[in-house]
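Chemist: Quick one: this structure, given as structure tokens, is what I'll be asking you about.
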Amino acid sequence: MTPIRTRFAPSPTGFLHIGGARTALFNWALTRRLGGQFVLRIEDTDLERSTHESERAVIEGLRWLGLEWDEGPHRQSEHAARHGAVVESLLASGAAYRCVCTKEELDARREADIAAGGKGLYDGRCRERLYGPDCGTHVVRLRVDPNASLRWDDLVFGPSGQDASEIGDGIIRRSDGTPLFHLAVVVDDLDMKISHVVRGADHHSNTPFQIAIHRALGAEPPTYAHVPLIVAPSGRKLSKRRDPVSIQQFRADGYLPEAMINWLARLGWSHGDQEIFSIDEIVEHFDLAHVGRSGAQADPAKLDWLNQHYLKQRPSETLFEAARPFLEAVAERPIERDARIDRLLDLLRERASRLPELAERARFALVEEISLDPTAAKKHLRPVALEPLEALIPALEGLPEWTEAALEAAFEDTCRALGDLKLGKLAQPVRVAVTGSAASPGIYETLYVTGRAWALARLRRAVEWIRERGDA
RNA sequence: GUCCCCAUCGUCUAUCGGUCAGGACUCCAGCCUUUCAAGCUGGUGAGGCGGGUUCGAUUCCCGCUGGGGACGCCA
């Protein structure tokens, strides 16, 4: 079996969005499993809207996700001469013809046709006129045999396509001489020997025309697989404005690439009941036959769950690397990895689903000045907590070493000394005093990662705070 | 308007004629517990409608409805 060749062909007119990322993932996974080459091709035919910035964003996004390509990035614009030559040859062979109808005329005739019950396709007015190169402003249309059957067996949708009479003679070259997307795609796929075209289902209806171009070129179309679109939580089409779609935005929001990959993989594809997939497992099992045919809504809650799952999975070292920028944003200073930070991350990784949330929960151990949550303070920093706190402080001051085990022993001793005080009666006031919040990791762990100096200072401050407030 | 496609819990999905229609996320409850989580256990919750085919349809066929996509000198 000859190795397959696939491609991901984004247009650099925005950022890499989740639909594109998933298409890239499917192409990549298919290629890796079957063995072959995965080509990256930037479809910048539309010079007006293409920018280097978004091209870079697409590339960075793919790299971040770990979807490495074997060839490219090619730029479609670099093949302009080749596209032009192909159009000329099509013209020479009579497979294409020049059309001098203006946009206005076309619009008017289309409307009239629809009003008369027609399909609104190009009426073929210039089809037999055989205009030469000197006919003035013109476009080039493909002469599509109306009796042709433009069908293919889609690897996802099965038998697909329609009769040529439904599509009409499409344009393949603009009046300014530049090629259209359909022509460029076909020529590039041919030149790059792409064997499998895996792309969004929004191209499903475009495929017949592209097959017609292939045939005009005397070439066999590649194998096609169209993957259903990802739709917004609203159920509608993804909107770049309203919906969170940009990969870099997800990255900035603290999602891990492996979580994104897993989430995207399961949007439309399944492997029995399995939900958790490492990237290697996706490569091992990915199969177009198990890609569904209906659109899928991107569910942020599922992503959060997956993200926490991978947060819990990560080795300390890479967890720190991923969390670092977020921790530094909270601390407003550089953070180096050490045993205390590792412990902090271990405690927080099961309490947060995203990195910004994790960093925020780490605040008490990262910055010296904390603020008390009013509700928590009012509930737990009351006069009744005074005695326990004042008993605990010297016990902590006298600890030979600041370890979780030592802290636990100190708490137990203190409770015992206070007549078997319930641990909660001591732990909650301490928690609020030290973290400012009523919610934090276990109290010994919390104190350990806070450090002795900060912890004691906050405990003393809490005592003063209670005294000043009295019984209020 | 024309053409194409899709249709299982709120969401992502399993099922390739016979299942109490399974799993996951979410939500709810209980357990655990120094708080919050995590974890464990349990629960709510689905085959759009109408016809066929069949001994038997979620599954196959047709229609309807609903949704999406494409009809561009965008990609």
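Each chain in the structure tokens gets a letter, A, B, ..., in the order shown, and its residues are numbered from 1; ligands are numbered from 1 in order too.
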Output the contact residues of chain A with respect to chain B at a cut-off of 6 Å, based on only C-alpha atoms (C1' of nucleotides), as a ChimeraX atom specification.

Modeler: /A:119,174,202,205,272-273,294,302,350-351,423-424,427,438-440

Chemist: Store the residues of this selection in a file with N, CA and C atoms, as a PDB file, in the first residue's frame.

Modeler:
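This went into again.pdb:
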```
ATOM      1  N   LYS A 119     -32.969  27.615 -11.317  1.00  0.00           N
ATOM      2  CA  LYS A 119     -32.056  27.342 -10.206  1.00  0.00           C
ATOM      3  C   LYS A 119     -31.074  28.477  -9.951  1.00  0.00           C
ATOM      4  N   ARG A 174     -10.299  34.831 -12.063  1.00  0.00           N
ATOM      5  CA  ARG A 174     -10.942  36.136 -11.945  1.00  0.00           C
ATOM      6  C   ARG A 174     -10.574  37.031 -13.117  1.00  0.00           C
ATOM      7  N   ASP A 202     -18.234  21.972   5.234  1.00  0.00           N
ATOM      8  CA  ASP A 202     -18.669  23.138   4.475  1.00  0.00           C
ATOM      9  C   ASP A 202     -18.176  23.029   3.028  1.00  0.00           C
ATOM     10  N   SER A 205     -20.414  20.541  -0.470  1.00  0.00           N
ATOM     11  CA  SER A 205     -21.120  20.988  -1.674  1.00  0.00           C
ATOM     12  C   SER A 205     -20.182  21.532  -2.745  1.00  0.00           C
ATOM     13  N   GLY A 272     -15.649   3.539  20.761  1.00  0.00           N
ATOM     14  CA  GLY A 272     -16.421   2.882  21.804  1.00  0.00           C
ATOM     15  C   GLY A 272     -16.775   3.860  22.906  1.00  0.00           C
ATOM     16  N   ASP A 273     -16.594   3.429  24.137  1.00  0.00           N
ATOM     17  CA  ASP A 273     -16.941   4.267  25.277  1.00  0.00           C
ATOM     18  C   ASP A 273     -15.765   5.064  25.823  1.00  0.00           C
ATOM     19  N   SER A 294     -23.149  14.071  12.006  1.00  0.00           N
ATOM     20  CA  SER A 294     -23.904  15.240  12.423  1.00  0.00           C
ATOM     21  C   SER A 294     -22.996  16.254  13.113  1.00  0.00           C
ATOM     22  N   LYS A 302     -17.055  20.113  29.312  1.00  0.00           N
ATOM     23  CA  LYS A 302     -16.312  18.871  29.089  1.00  0.00           C
ATOM     24  C   LYS A 302     -14.824  19.178  28.984  1.00  0.00           C
ATOM     25  N   GLU A 350      -5.883  19.434  41.858  1.00  0.00           N
ATOM     26  CA  GLU A 350      -7.182  18.769  41.916  1.00  0.00           C
ATOM     27  C   GLU A 350      -8.289  19.709  42.417  1.00  0.00           C
ATOM     28  N   ARG A 351      -7.928  20.968  42.505  1.00  0.00           N
ATOM     29  CA  ARG A 351      -8.918  21.942  42.957  1.00  0.00           C
ATOM     30  C   ARG A 351      -9.215  23.007  41.907  1.00  0.00           C
ATOM     31  N   LEU A 423     -11.171  19.787  65.787  1.00  0.00           N
ATOM     32  CA  LEU A 423     -10.164  20.340  64.895  1.00  0.00           C
ATOM     33  C   LEU A 423     -10.712  21.489  64.045  1.00  0.00           C
ATOM     34  N   GLY A 424     -11.939  21.336  63.623  1.00  0.00           N
ATOM     35  CA  GLY A 424     -12.523  22.366  62.764  1.00  0.00           C
ATOM     36  C   GLY A 424     -12.583  23.722  63.434  1.00  0.00           C
ATOM     37  N   ALA A 427      -9.002  24.803  62.889  1.00  0.00           N
ATOM     38  CA  ALA A 427      -8.542  24.839  61.501  1.00  0.00           C
ATOM     39  C   ALA A 427      -9.204  25.941  60.678  1.00  0.00           C
ATOM     40  N   ALA A 438     -12.206  30.829  53.157  1.00  0.00           N
ATOM     41  CA  ALA A 438     -12.679  29.685  53.917  1.00  0.00           C
ATOM     42  C   ALA A 438     -12.403  28.377  53.178  1.00  0.00           C
ATOM     43  N   ALA A 439     -11.862  28.483  52.001  1.00  0.00           N
ATOM     44  CA  ALA A 439     -11.581  27.283  51.217  1.00  0.00           C
ATOM     45  C   ALA A 439     -10.115  27.232  50.819  1.00  0.00           C
ATOM     46  N   SER A 440      -9.480  26.143  51.148  1.00  0.00           N
ATOM     47  CA  SER A 440      -8.077  25.975  50.787  1.00  0.00           C
ATOM     48  C   SER A 440      -7.744  24.497  50.944  1.00  0.00           C
TER      49      SER A 440
END
```

Chemist: What lies within 9 Å of region 178-182 of chain A using only C-alpha atoms (C1' of nucleotides), ignoring chain neighbours under 2 positions off, as a VMD selection string?

Modeler: (chain A and resid 43 45 to 46 80 83 to 84 87 171 to 176 184 to 187 206 to 207 209 to 210 213) or (chain B and resid 73 to 75)

Chemist: So which residues touch G63 (chain B) within 12 Å, counting only C-alpha atoms (C1' of nucleotides), skipping near sequence neighbours fewer than 4 positions away, as a PyMOL selection string?

Modeler: chain B and resi 49-52

Chemist: Using the selection just defined, write its residues with all heavy atoms as an mmCIF file, in the first residue's frame.

Modeler:
```cif
data_model
loop_
_atom_site.group_PDB
_atom_site.id
_atom_site.type_symbol
_atom_site.label_atom_id
_atom_site.label_comp_id
_atom_site.auth_asym_id
_atom_site.auth_seq_id
_atom_site.Cartn_x
_atom_site.Cartn_y
_atom_site.Cartn_z
ATOM 1 P P C B 49 -41.126 10.905 18.308
ATOM 2 O OP1 C B 49 -41.897 10.577 19.530
ATOM 3 O OP2 C B 49 -40.242 9.902 17.699
ATOM 4 O "O5'" C B 49 -42.145 11.420 17.198
ATOM 5 C "C5'" C B 49 -43.077 12.447 17.495
ATOM 6 C "C4'" C B 49 -43.871 12.784 16.262
ATOM 7 O "O4'" C B 49 -42.993 13.412 15.298
ATOM 8 C "C3'" C B 49 -44.431 11.581 15.522
ATOM 9 O "O3'" C B 49 -45.658 11.141 16.074
ATOM 10 C "C2'" C B 49 -44.611 12.135 14.114
ATOM 11 O "O2'" C B 49 -45.776 12.912 13.985
ATOM 12 C "C1'" C B 49 -43.385 13.038 13.984
ATOM 13 N N1 C B 49 -42.253 12.353 13.335
ATOM 14 C C2 C B 49 -42.264 12.228 11.943
ATOM 15 O O2 C B 49 -43.223 12.686 11.310
ATOM 16 N N3 C B 49 -41.233 11.610 11.327
ATOM 17 C C4 C B 49 -40.214 11.128 12.045
ATOM 18 N N4 C B 49 -39.229 10.533 11.389
ATOM 19 C C5 C B 49 -40.182 11.242 13.464
ATOM 20 C C6 C B 49 -41.213 11.856 14.067
ATOM 21 P P G B 50 -46.045 9.589 15.924
ATOM 22 O OP1 G B 50 -47.316 9.374 16.670
ATOM 23 O OP2 G B 50 -44.867 8.755 16.216
ATOM 24 O "O5'" G B 50 -46.354 9.502 14.370
ATOM 25 C "C5'" G B 50 -47.411 10.277 13.819
ATOM 26 C "C4'" G B 50 -47.521 10.018 12.350
ATOM 27 O "O4'" G B 50 -46.397 10.616 11.656
ATOM 28 C "C3'" G B 50 -47.449 8.554 11.945
ATOM 29 O "O3'" G B 50 -48.683 7.883 12.134
ATOM 30 C "C2'" G B 50 -47.059 8.669 10.469
ATOM 31 O "O2'" G B 50 -48.162 8.980 9.652
ATOM 32 C "C1'" G B 50 -46.092 9.846 10.506
ATOM 33 N N9 G B 50 -44.712 9.399 10.582
ATOM 34 C C8 G B 50 -43.934 9.253 11.704
ATOM 35 N N7 G B 50 -42.735 8.793 11.433
ATOM 36 C C5 G B 50 -42.726 8.633 10.058
ATOM 37 C C6 G B 50 -41.707 8.158 9.178
ATOM 38 O O6 G B 50 -40.572 7.780 9.456
ATOM 39 N N1 G B 50 -42.136 8.157 7.846
ATOM 40 C C2 G B 50 -43.378 8.549 7.422
ATOM 41 N N2 G B 50 -43.596 8.469 6.111
ATOM 42 N N3 G B 50 -44.337 8.987 8.224
ATOM 43 C C4 G B 50 -43.943 9.003 9.515
ATOM 44 P P G B 51 -48.712 6.288 11.953
ATOM 45 O OP1 G B 51 -49.950 5.764 12.550
ATOM 46 O OP2 G B 51 -47.402 5.730 12.378
ATOM 47 O "O5'" G B 51 -48.805 6.160 10.375
ATOM 48 C "C5'" G B 51 -48.470 4.946 9.749
ATOM 49 C "C4'" G B 51 -48.094 5.198 8.319
ATOM 50 O "O4'" G B 51 -47.076 6.229 8.265
ATOM 51 C "C3'" G B 51 -47.454 3.993 7.665
ATOM 52 O "O3'" G B 51 -48.433 3.107 7.169
ATOM 53 C "C2'" G B 51 -46.593 4.621 6.586
ATOM 54 O "O2'" G B 51 -47.336 4.993 5.460
ATOM 55 C "C1'" G B 51 -46.081 5.864 7.319
ATOM 56 N N9 G B 51 -44.849 5.594 8.058
ATOM 57 C C8 G B 51 -44.648 5.694 9.417
ATOM 58 N N7 G B 51 -43.434 5.364 9.783
ATOM 59 C C5 G B 51 -42.800 5.023 8.589
ATOM 60 C C6 G B 51 -41.483 4.584 8.347
ATOM 61 O O6 G B 51 -40.573 4.406 9.165
ATOM 62 N N1 G B 51 -41.265 4.345 6.990
ATOM 63 C C2 G B 51 -42.186 4.520 6.006
ATOM 64 N N2 G B 51 -41.786 4.235 4.760
ATOM 65 N N3 G B 51 -43.427 4.929 6.211
ATOM 66 C C4 G B 51 -43.661 5.166 7.521
ATOM 67 P P G B 52 -48.600 1.714 7.940
ATOM 68 O OP1 G B 52 -49.451 0.831 7.112
ATOM 69 O OP2 G B 52 -48.966 1.989 9.347
ATOM 70 O "O5'" G B 52 -47.120 1.140 7.923
ATOM 71 C "C5'" G B 52 -46.823 -0.008 7.180
ATOM 72 C "C4'" G B 52 -46.134 0.345 5.885
ATOM 73 O "O4'" G B 52 -45.404 1.596 6.041
ATOM 74 C "C3'" G B 52 -45.118 -0.694 5.477
ATOM 75 O "O3'" G B 52 -45.727 -1.646 4.625
ATOM 76 C "C2'" G B 52 -44.019 0.127 4.804
ATOM 77 O "O2'" G B 52 -44.303 0.377 3.453
ATOM 78 C "C1'" G B 52 -44.063 1.437 5.610
ATOM 79 N N9 G B 52 -43.220 1.431 6.805
ATOM 80 C C8 G B 52 -43.635 1.748 8.077
ATOM 81 N N7 G B 52 -42.675 1.671 8.962
ATOM 82 C C5 G B 52 -41.565 1.266 8.228
ATOM 83 C C6 G B 52 -40.246 1.006 8.654
ATOM 84 O O6 G B 52 -39.788 1.095 9.801
ATOM 85 N N1 G B 52 -39.435 0.618 7.600
ATOM 86 C C2 G B 52 -39.845 0.483 6.299
ATOM 87 N N2 G B 52 -38.926 0.094 5.418
ATOM 88 N N3 G B 52 -41.079 0.713 5.885
ATOM 89 C C4 G B 52 -41.877 1.107 6.901
#
```

Chemist: Give the strand (DSSP E or B) residues of region 22-69 of chain A, as DSSP finds them on the backbone, and put them as a list of chain:residue names.

Modeler: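 Matching residues for strand (DSSP E or B) in region 22-69 of chain A are A:Gly36, A:Gln37, A:Phe38, A:Val39, A:Leu40, A:Arg41, A:Ile42.
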
Chemist: With all heavy atoms kept, could you save the residues just selected as a CSV table (one decimal), in the first residue's frame?

Modeler:
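After the write, out.csv holds the following:
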```csv
chain,number,residue,atom,x,y,z
A,36,GLY,N,2.5,8.1,6.4
A,36,GLY,CA,2.4,8.9,5.2
A,36,GLY,C,2.9,10.3,5.6
A,36,GLY,O,3.5,10.5,6.6
A,37,GLN,N,2.6,11.2,4.7
A,37,GLN,CA,3.1,12.6,4.9
A,37,GLN,C,1.9,13.5,5.1
A,37,GLN,O,0.9,13.4,4.4
A,37,GLN,CB,3.9,13.1,3.8
A,37,GLN,CG,5.3,12.4,3.6
A,37,GLN,CD,5.2,11.2,2.7
A,37,GLN,OE1,4.5,11.2,1.7
A,37,GLN,NE2,5.7,10.0,3.2
A,38,PHE,N,2.1,14.4,6.0
A,38,PHE,CA,1.1,15.4,6.3
A,38,PHE,C,1.6,16.7,5.9
A,38,PHE,O,2.7,17.2,6.4
A,38,PHE,CB,0.8,15.4,7.8
A,38,PHE,CG,-0.2,16.4,8.3
A,38,PHE,CD1,-1.4,16.7,7.6
A,38,PHE,CD2,0.1,17.2,9.5
A,38,PHE,CE1,-2.3,17.7,8.1
A,38,PHE,CE2,-0.8,18.1,9.9
A,38,PHE,CZ,-2.0,18.4,9.3
A,39,VAL,N,0.9,17.4,5.0
A,39,VAL,CA,1.4,18.6,4.4
A,39,VAL,C,0.6,19.8,4.9
A,39,VAL,O,-0.6,19.8,5.0
A,39,VAL,CB,1.2,18.5,2.8
A,39,VAL,CG1,1.7,19.8,2.2
A,39,VAL,CG2,2.0,17.3,2.3
A,40,LEU,N,1.4,20.9,5.2
A,40,LEU,CA,0.7,22.1,5.6
A,40,LEU,C,0.8,23.1,4.4
A,40,LEU,O,1.8,23.3,3.9
A,40,LEU,CB,1.4,22.7,6.8
A,40,LEU,CG,0.9,24.1,7.2
A,40,LEU,CD1,-0.6,24.0,7.6
A,40,LEU,CD2,1.7,24.7,8.4
A,41,ARG,N,-0.4,23.6,4.0
A,41,ARG,CA,-0.4,24.5,2.9
A,41,ARG,C,-1.3,25.7,3.3
A,41,ARG,O,-2.5,25.5,3.7
A,41,ARG,CB,-1.0,23.8,1.7
A,41,ARG,CG,-1.0,24.6,0.4
A,41,ARG,CD,-1.5,23.9,-0.8
A,41,ARG,NE,-2.9,23.7,-0.8
A,41,ARG,CZ,-3.5,22.5,-1.2
A,41,ARG,NH1,-2.8,21.5,-1.5
A,41,ARG,NH2,-4.8,22.4,-1.2
A,42,ILE,N,-0.7,26.8,3.2
A,42,ILE,CA,-1.5,28.0,3.5
A,42,ILE,C,-2.2,28.5,2.3
A,42,ILE,O,-1.6,28.8,1.3
A,42,ILE,CB,-0.5,29.2,4.0
A,42,ILE,CG1,0.4,28.7,5.1
A,42,ILE,CG2,-1.3,30.4,4.4
A,42,ILE,CD1,-0.3,28.3,6.4
```

Chemist: Residues near Ala359 (chain A), anyone? I mean within 9 Å using only C-alpha atoms (C1' of nucleotides), not counting same-chain ones fewer than 6 positions away, as a list in words.

Modeler: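 Skipping anything fewer than 6 positions along the chain leaves Ala323, Arg324, Phe326, Leu327, Glu328, Ala329, Val330, Ala331, Leu345, Leu348, Ala352 and Leu366 of chain A.
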
Chemist: DSSP on the backbone, alpha helix (DSSP H) only: what residues of region 2-46 of chain A does that give? Format it as a list in words.

Modeler: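 Those in region 2-46 of chain A that DSSP calls alpha helix (DSSP H) are Ile18, Gly19, Gly20, Ala21, Arg22, Thr23, Ala24, Leu25, Phe26, Asn27, Trp28, Ala29, Leu30, Thr31, Arg32, Arg33 and Leu34 of chain A.
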
Chemist: Report, in Å with one decimal, the straight-line distance from C1' of G56 (chain B) to C1' of G18 (chain B).

Modeler: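 Spanning C1' of G56 (chain B) to C1' of G18 (chain B) is a straight-line distance of 6.6 Å.
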
Chemist: Would you pick out the contacts of Gly451 (chain A) at 8 Å or less, using only C-alpha atoms (C1' of nucleotides), so that residues sharing its chain but fewer than 4 positions from it are not included, and give the list as a ChimeraX atom specification?

Modeler: /A:365,402,447,455

Chemist: Might you pull out every residue within 10 Å of Tyr97 (chain A), with only C-alpha atoms (C1' of nucleotides) counted and same-chain residues fewer than 2 positions away left off, and present them as a list in words?

Modeler: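 So the residues in contact are Val87, Glu88, Leu90, Leu91, Ala92, Ser93, Gly94, Ala95, Cys99, Val100, Cys126, Arg127, Glu128, Arg129, Leu130, Tyr131, Gly132, His138, Val139, Val140, Arg141, Leu142, Arg143, Asp169, Ile171 and Ile172 of chain A.
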
Chemist: Kindly indicate which residue among A:Pro429, A:Pro208, A:Gly66, A:Gly117 lies nearest to Leu381 (chain A), using only C-alpha atoms for the distances.

Modeler: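 Among A:Pro429, A:Pro208, A:Gly66, A:Gly117, it is A:Pro429 that comes nearest to Leu381 (chain A).
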
Chemist: Find the residues around U41 (chain B) up to 12 Å (only C-alpha atoms (C1' of nucleotides) counted), leave out those fewer than 3 positions away in its own chain, and share them as a JSON list (two decimals) with N, CA, C and O atoms (P, O5', C5', C4', C3', O3' and C1' of nucleotides), in the first residue's frame.

Modeler:
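Written out: part.json:
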```
[["chain", "number", "residue", "atom", "x", "y", "z"],
["B", 29, "A", "P", -28.11, 18.62, 46.23],
["B", 29, "A", "O5'", -28.26, 17.08, 46.65],
["B", 29, "A", "C5'", -29.52, 16.58, 47.08],
["B", 29, "A", "C4'", -29.39, 15.10, 47.39],
["B", 29, "A", "C3'", -28.27, 14.71, 48.33],
["B", 29, "A", "O3'", -28.62, 14.89, 49.69],
["B", 29, "A", "C1'", -28.27, 13.26, 46.47],
["B", 30, "G", "P", -27.47, 15.11, 50.78],
["B", 30, "G", "O5'", -26.84, 13.65, 50.93],
["B", 30, "G", "C5'", -27.61, 12.58, 51.47],
["B", 30, "G", "C4'", -26.84, 11.29, 51.34],
["B", 30, "G", "C3'", -25.45, 11.29, 51.97],
["B", 30, "G", "O3'", -25.50, 11.03, 53.36],
["B", 30, "G", "C1'", -25.34, 10.33, 49.81],
["B", 31, "C", "P", -24.28, 11.52, 54.27],
["B", 31, "C", "O5'", -23.10, 10.56, 53.82],
["B", 31, "C", "C5'", -23.20, 9.15, 54.03],
["B", 31, "C", "C4'", -21.97, 8.47, 53.46],
["B", 31, "C", "C3'", -20.65, 8.99, 53.99],
["B", 31, "C", "O3'", -20.29, 8.39, 55.23],
["B", 31, "C", "C1'", -20.54, 8.78, 51.63],
["B", 32, "C", "P", -19.55, 9.28, 56.33],
["B", 32, "C", "O5'", -18.15, 9.57, 55.65],
["B", 32, "C", "C5'", -17.23, 8.48, 55.39],
["B", 32, "C", "C4'", -16.04, 9.02, 54.62],
["B", 32, "C", "C3'", -15.36, 10.22, 55.27],
["B", 32, "C", "O3'", -14.40, 9.80, 56.23],
["B", 32, "C", "C1'", -15.74, 10.65, 52.95]]
```

Chemist: Go ahead and compute the interatomic distance for CA of Ala376 (chain A) and CA of Val430 (chain A), in Å to one decimal.

Modeler: 11.3 Å

Chemist: In Å, rounded to a single decimal, give me how far CA of Pro257 (chain A) is from CA of Arg75 (chain A).

Modeler: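 According to the coordinates, CA of Arg75 (chain A) and CA of Pro257 (chain A) are separated by 26.1 Å.
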